[in-house]
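Student: mmCIF, C-alpha atoms and all ligand atoms, saved as protein_38.cif, coming up:
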data_coords
loop_
_atom_site.group_PDB
_atom_site.id
_atom_site.type_symbol
_atom_site.label_atom_id
_atom_site.label_comp_id
_atom_site.auth_asym_id
_atom_site.auth_seq_id
_atom_site.Cartn_x
_atom_site.Cartn_y
_atom_site.Cartn_z
ATOM 1 C CA MET A 1 -0.283 16.912 -21.722
ATOM 2 C CA THR A 2 0.271 13.218 -21.126
ATOM 3 C CA GLY A 3 -0.439 12.305 -24.744
ATOM 4 C CA ALA A 4 -1.956 8.852 -24.995
ATOM 5 C CA GLY A 5 -1.811 8.410 -21.226
ATOM 6 C CA ASN A 6 0.914 6.834 -19.189
ATOM 7 C CA TRP A 7 2.319 3.438 -18.423
ATOM 8 C CA THR A 8 2.723 1.762 -15.126
ATOM 9 C CA TRP A 9 4.859 -1.386 -14.979
ATOM 10 C CA LEU A 10 3.939 -4.472 -12.972
ATOM 11 C CA ILE A 11 6.788 -6.796 -11.965
ATOM 12 C CA PRO A 12 5.434 -10.211 -10.925
ATOM 13 C CA GLY A 13 7.196 -12.639 -8.571
ATOM 14 C CA ARG A 14 7.956 -12.943 -4.890
ATOM 15 C CA VAL A 15 7.510 -9.190 -4.313
ATOM 16 C CA PRO A 16 4.833 -8.083 -6.792
ATOM 17 C CA THR A 17 5.755 -4.496 -7.546
ATOM 18 C CA LEU A 18 4.025 -1.743 -9.443
ATOM 19 C CA ILE A 19 6.141 1.090 -10.845
ATOM 20 C CA ASP A 20 4.082 4.308 -10.668
ATOM 21 C CA ALA A 21 0.641 4.706 -9.217
ATOM 22 C CA GLY A 22 -1.224 6.148 -12.213
ATOM 23 C CA SER A 23 -4.205 8.359 -11.500
ATOM 24 C CA GLY A 24 -6.642 5.977 -9.798
ATOM 25 C CA ASP A 25 -8.714 5.281 -12.916
ATOM 26 C CA PRO A 26 -10.989 2.302 -12.065
ATOM 27 C CA ARG A 27 -9.995 0.603 -15.354
ATOM 28 C CA HIS A 28 -6.370 0.767 -14.296
ATOM 29 C CA LEU A 29 -7.148 -0.767 -10.895
ATOM 30 C CA GLU A 30 -9.063 -3.569 -12.673
ATOM 31 C CA ALA A 31 -6.154 -4.179 -15.030
ATOM 32 C CA ILE A 32 -3.701 -4.444 -12.136
ATOM 33 C CA GLU A 33 -5.978 -6.822 -10.250
ATOM 34 C CA SER A 34 -6.293 -9.085 -13.270
ATOM 35 C CA ALA A 35 -2.562 -8.963 -14.098
ATOM 36 C CA LEU A 36 -1.771 -9.974 -10.515
ATOM 37 C CA SER A 37 -3.877 -13.135 -11.056
ATOM 38 C CA GLY A 38 -4.440 -13.677 -7.380
ATOM 39 C CA ALA A 39 -1.059 -12.519 -6.095
ATOM 40 C CA ARG A 40 -0.993 -9.797 -3.486
ATOM 41 C CA LEU A 41 0.501 -6.490 -4.615
ATOM 42 C CA ALA A 42 3.448 -5.863 -2.267
ATOM 43 C CA GLN A 43 4.461 -2.316 -3.162
ATOM 44 C CA VAL A 44 4.167 0.639 -5.471
ATOM 45 C CA LEU A 45 7.378 2.503 -6.358
ATOM 46 C CA VAL A 46 6.560 5.992 -7.605
ATOM 47 C CA THR A 47 8.998 7.772 -9.928
ATOM 48 C CA HIS A 48 7.877 11.297 -8.974
ATOM 49 C CA GLY A 49 5.043 13.324 -7.496
ATOM 50 C CA HIS A 50 3.330 14.532 -10.703
ATOM 51 C CA VAL A 51 -0.392 13.910 -10.975
ATOM 52 C CA ASP A 52 -0.237 11.148 -13.602
ATOM 53 C CA HIS A 53 2.320 9.162 -11.571
ATOM 54 C CA ALA A 54 1.283 9.649 -7.940
ATOM 55 C CA SER A 55 -2.349 10.716 -7.669
ATOM 56 C CA GLY A 56 -3.579 7.128 -7.871
ATOM 57 C CA ALA A 57 -1.931 6.287 -4.545
ATOM 58 C CA PRO A 58 -5.069 6.691 -2.360
ATOM 59 C CA ALA A 59 -7.142 4.547 -4.768
ATOM 60 C CA LEU A 60 -4.414 1.871 -4.845
ATOM 61 C CA ALA A 61 -4.191 1.930 -1.053
ATOM 62 C CA ALA A 62 -7.946 1.378 -0.821
ATOM 63 C CA ARG A 63 -7.939 -1.453 -3.368
ATOM 64 C CA PHE A 64 -4.667 -3.136 -2.277
ATOM 65 C CA PRO A 65 -4.428 -2.363 1.447
ATOM 66 C CA HIS A 66 -1.301 -4.506 1.931
ATOM 67 C CA ALA A 67 0.732 -2.628 -0.653
ATOM 68 C CA ARG A 68 3.432 -0.261 0.582
ATOM 69 C CA LEU A 69 3.667 3.081 -1.205
ATOM 70 C CA LEU A 70 7.166 4.411 -1.696
ATOM 71 C CA LYS A 71 8.726 7.484 -3.297
ATOM 72 C CA MET A 72 11.417 10.037 -2.695
ATOM 73 C CA PRO A 73 9.852 12.733 -0.500
ATOM 74 C CA TRP A 74 8.842 16.069 -2.055
ATOM 75 C CA SER A 75 7.426 17.888 0.934
ATOM 76 C CA GLU A 76 5.396 20.601 -0.848
ATOM 77 C CA ARG A 77 3.825 18.136 -3.232
ATOM 78 C CA ASP A 78 3.297 14.831 -1.431
ATOM 79 C CA ALA A 79 0.454 16.059 0.789
ATOM 80 C CA ARG A 80 -1.657 16.390 -2.367
ATOM 81 C CA TRP A 81 -1.800 12.612 -2.636
ATOM 82 C CA PRO A 82 -2.692 11.515 0.876
ATOM 83 C CA ALA A 83 -1.275 8.056 1.496
ATOM 84 C CA ASN A 84 1.041 6.397 3.925
ATOM 85 C CA TRP A 85 4.172 7.243 1.913
ATOM 86 C CA GLU A 86 7.470 5.639 2.840
ATOM 87 C CA PRO A 87 10.668 7.368 1.701
ATOM 88 C CA ILE A 88 13.122 6.003 -0.874
ATOM 89 C CA ALA A 89 16.667 7.356 -0.710
ATOM 90 C CA ASP A 90 19.094 7.677 -3.614
ATOM 91 C CA GLY A 91 20.939 4.390 -4.051
ATOM 92 C CA ALA A 92 18.388 2.327 -2.116
ATOM 93 C CA ARG A 93 18.254 -1.323 -3.138
ATOM 94 C CA LEU A 94 14.644 -2.458 -3.374
ATOM 95 C CA ASP A 95 13.467 -6.049 -3.677
ATOM 96 C CA ALA A 96 11.046 -6.199 -6.610
ATOM 97 C CA GLY A 97 9.537 -9.282 -8.244
ATOM 98 C CA ASP A 98 12.198 -11.998 -7.932
ATOM 99 C CA THR A 99 15.017 -9.533 -8.272
ATOM 100 C CA ALA A 100 16.070 -6.097 -7.034
ATOM 101 C CA LEU A 101 16.086 -2.557 -8.355
ATOM 102 C CA VAL A 102 18.312 0.334 -7.347
ATOM 103 C CA ALA A 103 16.803 3.809 -6.920
ATOM 104 C CA VAL A 104 18.697 6.497 -8.836
ATOM 105 C CA HIS A 105 17.846 10.093 -7.967
ATOM 106 C CA THR A 106 17.390 11.924 -11.269
ATOM 107 C CA PRO A 107 16.005 15.414 -10.533
ATOM 108 C CA GLY A 108 15.359 17.996 -13.251
ATOM 109 C CA HIS A 109 11.848 17.277 -14.530
ATOM 110 C CA ALA A 110 10.799 17.111 -10.855
ATOM 111 C CA PRO A 111 12.953 17.419 -7.719
ATOM 112 C CA ASP A 112 11.907 14.004 -6.370
ATOM 113 C CA HIS A 113 12.362 12.124 -9.653
ATOM 114 C CA LEU A 114 13.717 8.581 -9.359
ATOM 115 C CA CYS A 115 14.726 6.051 -11.975
ATOM 116 C CA PHE A 116 14.808 2.370 -11.022
ATOM 117 C CA TRP A 117 17.835 0.490 -12.339
ATOM 118 C CA HIS A 118 17.843 -3.259 -12.967
ATOM 119 C CA GLU A 119 21.462 -4.163 -13.385
ATOM 120 C CA GLU A 120 21.086 -7.766 -14.663
ATOM 121 C CA THR A 121 19.146 -6.661 -17.722
ATOM 122 C CA ARG A 122 20.682 -3.156 -17.842
ATOM 123 C CA SER A 123 17.137 -1.778 -17.840
ATOM 124 C CA VAL A 124 15.888 1.467 -16.369
ATOM 125 C CA PHE A 125 12.334 2.261 -15.382
ATOM 126 C CA CYS A 126 12.849 5.887 -16.258
ATOM 127 C CA GLY A 127 9.582 7.674 -15.397
ATOM 128 C CA ASP A 128 9.603 11.043 -17.147
ATOM 129 C CA LEU A 129 13.361 11.249 -17.735
ATOM 130 C CA ALA A 130 12.921 10.370 -21.411
ATOM 131 C CA GLN A 131 10.211 9.812 -23.982
ATOM 132 C CA MET A 132 10.572 8.801 -27.630
ATOM 133 C CA GLY A 133 9.710 11.482 -30.158
ATOM 134 C CA THR A 134 9.746 14.454 -27.839
ATOM 135 C CA THR A 135 11.805 16.362 -25.329
ATOM 136 C CA ILE A 136 11.010 16.471 -21.621
ATOM 137 C CA PHE A 137 9.272 19.438 -20.027
ATOM 138 C CA ILE A 138 11.293 21.194 -17.296
ATOM 139 C CA PRO A 139 8.795 23.306 -15.318
ATOM 140 C CA ALA A 140 10.847 26.158 -13.828
ATOM 141 C CA ASP A 141 8.154 27.216 -11.391
ATOM 142 C CA ARG A 142 7.395 23.745 -10.072
ATOM 143 C CA GLY A 143 10.763 22.384 -9.124
ATOM 144 C CA GLY A 144 12.173 21.949 -12.639
ATOM 145 C CA ASP A 145 15.908 22.444 -13.026
ATOM 146 C CA VAL A 146 17.761 22.231 -16.345
ATOM 147 C CA ALA A 147 21.241 21.795 -14.849
ATOM 148 C CA ALA A 148 19.961 18.998 -12.606
ATOM 149 C CA TYR A 149 18.219 17.416 -15.596
ATOM 150 C CA ILE A 150 21.400 17.367 -17.680
ATOM 151 C CA ALA A 151 23.311 15.863 -14.732
ATOM 152 C CA SER A 152 20.580 13.221 -14.374
ATOM 153 C CA LEU A 153 20.805 12.336 -18.070
ATOM 154 C CA GLU A 154 24.570 11.975 -17.707
ATOM 155 C CA ARG A 155 24.119 9.808 -14.644
ATOM 156 C CA ILE A 156 21.800 7.406 -16.483
ATOM 157 C CA LEU A 157 24.034 7.439 -19.584
ATOM 158 C CA ALA A 158 26.981 6.427 -17.370
ATOM 159 C CA LEU A 159 25.092 3.274 -16.351
ATOM 160 C CA ASP A 160 25.238 2.232 -20.028
ATOM 161 C CA PRO A 161 21.616 1.071 -20.086
ATOM 162 C CA ALA A 162 20.344 -1.296 -22.784
ATOM 163 C CA ARG A 163 16.714 -0.291 -22.488
ATOM 164 C CA LEU A 164 14.500 2.319 -20.873
ATOM 165 C CA PHE A 165 10.938 1.672 -19.767
ATOM 166 C CA PRO A 166 9.366 5.153 -19.799
ATOM 167 C CA ALA A 167 6.093 6.343 -18.319
ATOM 168 C CA HIS A 168 4.973 7.680 -21.704
ATOM 169 C CA GLY A 169 5.478 6.337 -25.212
ATOM 170 C CA PRO A 170 7.223 3.223 -26.501
ATOM 171 C CA ILE A 171 10.079 1.313 -24.857
ATOM 172 C CA ILE A 172 13.408 2.953 -25.704
ATOM 173 C CA ASP A 173 15.841 0.401 -27.147
ATOM 174 C CA GLU A 174 18.753 2.698 -27.930
ATOM 175 C CA PRO A 175 18.871 4.888 -24.874
ATOM 176 C CA ALA A 176 22.384 6.264 -25.364
ATOM 177 C CA SER A 177 21.560 7.977 -28.646
ATOM 178 C CA LEU A 178 18.338 9.488 -27.257
ATOM 179 C CA ILE A 179 20.056 10.705 -24.083
ATOM 180 C CA ARG A 180 22.938 12.227 -26.059
ATOM 181 C CA HIS A 181 20.392 13.911 -28.308
ATOM 182 C CA TYR A 182 18.657 15.346 -25.222
ATOM 183 C CA ILE A 183 21.907 16.727 -23.830
ATOM 184 C CA ALA A 184 22.810 18.270 -27.195
ATOM 185 C CA HIS A 185 19.298 19.711 -27.498
ATOM 186 C CA ARG A 186 19.619 21.455 -24.116
ATOM 187 C CA GLN A 187 23.004 22.882 -25.058
ATOM 188 C CA GLU A 188 21.633 24.125 -28.360
ATOM 189 C CA ARG A 189 18.604 25.667 -26.614
ATOM 190 C CA GLU A 190 20.898 27.398 -24.161
ATOM 191 C CA ALA A 191 22.968 28.896 -26.977
ATOM 192 C CA GLN A 192 19.781 30.076 -28.742
ATOM 193 C CA ILE A 193 18.487 31.724 -25.571
ATOM 194 C CA LEU A 194 21.778 33.529 -24.968
ATOM 195 C CA ASP A 195 21.729 34.687 -28.564
ATOM 196 C CA ALA A 196 18.129 35.961 -28.204
ATOM 197 C CA ILE A 197 19.097 37.999 -25.148
ATOM 198 C CA ARG A 198 22.096 39.433 -26.982
ATOM 199 C CA ARG A 199 19.713 40.502 -29.742
ATOM 200 C CA GLY A 200 17.621 42.400 -27.222
ATOM 201 C CA ASP A 201 14.990 39.925 -26.030
ATOM 202 C CA THR A 202 15.239 40.751 -22.346
ATOM 203 C CA ARG A 203 12.123 38.896 -21.213
ATOM 204 C CA ALA A 204 11.265 35.219 -21.319
ATOM 205 C CA GLU A 205 8.125 36.023 -23.372
ATOM 206 C CA ALA A 206 10.223 37.674 -26.087
ATOM 207 C CA VAL A 207 12.641 34.740 -26.156
ATOM 208 C CA VAL A 208 9.690 32.364 -26.548
ATOM 209 C CA ALA A 209 8.277 34.456 -29.397
ATOM 210 C CA ARG A 210 11.624 34.265 -31.207
ATOM 211 C CA LEU A 211 12.428 30.596 -30.592
ATOM 212 C CA TYR A 212 8.994 29.016 -30.768
ATOM 213 C CA ARG A 213 7.406 30.781 -33.735
ATOM 214 C CA GLY A 214 3.852 29.654 -34.424
ATOM 215 C CA LEU A 215 3.497 27.789 -31.155
ATOM 216 C CA PRO A 216 -0.182 27.261 -30.241
ATOM 217 C CA ASP A 217 -1.315 29.483 -27.357
ATOM 218 C CA ALA A 218 -2.017 26.463 -25.179
ATOM 219 C CA LEU A 219 1.698 25.604 -25.205
ATOM 220 C CA ILE A 220 3.113 29.074 -24.688
ATOM 221 C CA VAL A 221 3.000 28.935 -20.893
ATOM 222 C CA ARG A 222 4.971 25.707 -21.033
ATOM 223 C CA ALA A 223 7.526 27.158 -23.429
ATOM 224 C CA ARG A 224 7.985 30.197 -21.176
ATOM 225 C CA ASP A 225 8.472 27.922 -18.191
ATOM 226 C CA THR A 226 11.116 25.971 -20.109
ATOM 227 C CA VAL A 227 12.919 29.141 -21.197
ATOM 228 C CA THR A 228 12.824 30.421 -17.618
ATOM 229 C CA ALA A 229 14.340 27.149 -16.397
ATOM 230 C CA HIS A 230 17.184 27.629 -18.895
ATOM 231 C CA LEU A 231 17.646 31.269 -17.872
ATOM 232 C CA ARG A 232 17.962 30.285 -14.209
ATOM 233 C CA LYS A 233 20.679 27.811 -15.119
ATOM 234 C CA LEU A 234 22.448 30.474 -17.207
ATOM 235 C CA GLU A 235 22.188 32.854 -14.236
ATOM 236 C CA ARG A 236 23.762 30.297 -11.899
ATOM 237 C CA ASP A 237 26.487 29.712 -14.475
ATOM 238 C CA GLY A 238 27.225 33.473 -14.483
ATOM 239 C CA HIS A 239 26.130 34.218 -18.065
ATOM 240 C CA VAL A 240 22.997 36.282 -17.423
ATOM 241 C CA HIS A 241 21.453 38.328 -14.660
ATOM 242 C CA HIS A 242 17.834 39.204 -13.894
ATOM 243 C CA ASP A 243 17.418 42.706 -12.455
ATOM 244 C CA GLY A 244 13.841 42.061 -11.300
ATOM 245 C CA GLU A 245 12.408 43.094 -14.673
ATOM 246 C CA ALA A 246 14.640 42.016 -17.489
ATOM 247 C CA TRP A 247 17.429 39.585 -18.352
ATOM 248 C CA HIS A 248 20.878 40.870 -19.294
ATOM 249 C CA ILE A 249 24.058 39.262 -20.537
ATOM 250 C CA ILE A 250 26.860 39.582 -17.982
ATOM 251 C CA GLY A 251 29.382 36.926 -18.901
ATOM 252 C CA PRO A 252 31.349 35.990 -21.980
HETATM 253 ZN ZN ZN A 301 6.122 14.213 -14.760
#
Reformat the file's structure so that it appears as structure tokens.

Tutor:
Amino acid sequence: MTGAGNWTWLIPGRVPTLIDAGSGDPRHLEAIESALSGARLAQVLVTHGHVDHASGAPALAARFPHARLLKMPWSERDARWPANWEPIADGARLDAGDTALVAVHTPGHAPDHLCFWHEETRSVFCGDLAQMGTTIFIPADRGGDVAAYIASLERILALDPARLFPAHGPIIDEPASLIRHYIAHRQEREAQILDAIRRGDTRAEAVVARLYRGLPDALIVRARDTVTAHLRKLERDGHVHHDGEAWHIIGP
């Protein structure tokens, strides 16, 4: 599900900093070592606790014992990647390289998701907030939250970034248009889901069958999770209700 794999970003300088821990692949550790060219890795800033971003922490700790490991806590998840985690709070200013980054809490894809904002270059290390050519998965049953995701997109848009450095796919040079597209896509999805329920699809599976025709089986669980995340937002907004079995329209 991570496509061609995922990026980590190494910021050289006074405080050599790695953004995201990867998965502990020995080739990745080698690549970091060689990119450091003798410098000592000071810290690893992790965008969120998903396997491709955080599971490499123990391997990094073993290879670079002086490096601090930092992320926003996610209590149910962090114990999976045993390391001496230090917490990052929303708004924290973090020395990195020869400059500083500001942590921006951007939940939605994951509850602990952080972006790292570099004001001088108006750049954002955006983790899994955005990826060129696709939309972002919001896993309803693992801390995903569509309303929080939309608010996070709006928060990053308000920074007026010039460039996003994502964890997957190419660098994003026109972030505003992509972020606006994402927000519009979620609104459109929401309208389609409401319409499906009005037409009598009272279960997430039926909504998926209507909206994602021809989807390969391997992706159906994901689609259902996404639809469920939307339905929970619609429930909080007072548009639908789940009676334990089925979804119903209750609002306008
Ligand atoms: Zn992720």

Student: May I have the residues within 10 Å of A:Ala204 as a list in words, using only C-alpha atoms and disregarding those fewer than 6 positions away in the same chain?

Tutor: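 Within the cut-off, the hits are Ile193, Ala196, Ile197, Arg210, Ala223, Arg224, Asp225, Thr226, Val227, Thr228, Ala229, His230, Leu231, Ala246 and Trp247 of chain A.
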
Student: Neighbours of ligand ZN 301 (chain A) within 9 Å, counting only C-alpha atoms and all ligand atoms, as a ChimeraX atom specification?

Tutor: /A:2,47-53,109-110,113,127-129,136-137,167

Student: Listed atoms of stretch 144-159 of chain A, axis-aligned box, 5 Å per side: centre and edge lengths to one decimal in Å, as JSON?

Tutor:
{"center_x": 19.6, "center_y": 12.9, "center_z": -16.1, "size_x": 24.8, "size_y": 29.2, "size_z": 17.0}

Student: Looking at only C-alpha atoms, which of A:Thr106, A:Gln187, A:Asn84, A:Ser75 is the one that sits closest to A:Ala62?

Tutor: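 Comparing A:Thr106, A:Gln187, A:Asn84, A:Ser75 against A:Ala62, the winner is A:Asn84.
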
Student: Using Å and a single decimal, report how far atom CA of A:Gly5 sits from atom CA of A:Leu69.

Tutor: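 Answer for the atom CA of A:Leu69 to atom CA of A:Gly5 separation: 21.4 Å.
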
Student: Could you check which of A:Gly97, A:Pro166, A:Pro139, A:Pro175 is closest to A:Leu153, using only C-alpha atoms?

Tutor: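 Ranked by minimum distance to A:Leu153, first place goes to A:Pro175.
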
Student: Could you check the closest approach to A:His181 for each of A:Ala148, A:Ala59, A:Leu36, A:Ala130 and tell me which residue wins, using only C-alpha atoms?

Tutor: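 Among A:Ala148, A:Ala59, A:Leu36, A:Ala130, it is A:Ala130 that comes nearest to A:His181.
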
Student: Using all atoms listed in the file, which of A:Arg80, A:His239, A:Ala42, A:Glu30 sits nearest A:Asp195?

Tutor: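 Distance minimum relative to A:Asp195 lands on A:His239.
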
Student: Give me, as JSON lines, the closest atom pair and its distance (Å, one decimal) for every residue of stretch 76-155 of chain A within a cut-off of 10 Å of stretch 11-26 of chain A, counting only C-alpha atoms, rows sorted by chain and rising number.

Tutor:
{"residue": "A:Leu94", "atom": "CA", "partner": "A:Val15", "partner_atom": "CA", "distance": 9.9}
{"residue": "A:Asp95", "atom": "CA", "partner": "A:Val15", "partner_atom": "CA", "distance": 6.8}
{"residue": "A:Ala96", "atom": "CA", "partner": "A:Val15", "partner_atom": "CA", "distance": 5.2}
{"residue": "A:Gly97", "atom": "CA", "partner": "A:Gly13", "partner_atom": "CA", "distance": 4.1}
{"residue": "A:Asp98", "atom": "CA", "partner": "A:Gly13", "partner_atom": "CA", "distance": 5.1}
{"residue": "A:Thr99", "atom": "CA", "partner": "A:Gly13", "partner_atom": "CA", "distance": 8.4}
{"residue": "A:Ala100", "atom": "CA", "partner": "A:Val15", "partner_atom": "CA", "distance": 9.5}
{"residue": "A:Cys115", "atom": "CA", "partner": "A:Ile19", "partner_atom": "CA", "distance": 10.0}
{"residue": "A:Phe116", "atom": "CA", "partner": "A:Ile19", "partner_atom": "CA", "distance": 8.8}
{"residue": "A:Phe125", "atom": "CA", "partner": "A:Ile19", "partner_atom": "CA", "distance": 7.8}
{"residue": "A:Cys126", "atom": "CA", "partner": "A:Ile19", "partner_atom": "CA", "distance": 9.9}
{"residue": "A:Gly127", "atom": "CA", "partner": "A:Asp20", "partner_atom": "CA", "distance": 8.0}

Student: Which is closest to A:Asp237 among A:Ile156, A:Val146, A:Gln192, A:Glu174, if we use all atoms listed in the file?

Tutor: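 Looking only at the distances to A:Asp237, the closest residue turns out to be A:Val146.
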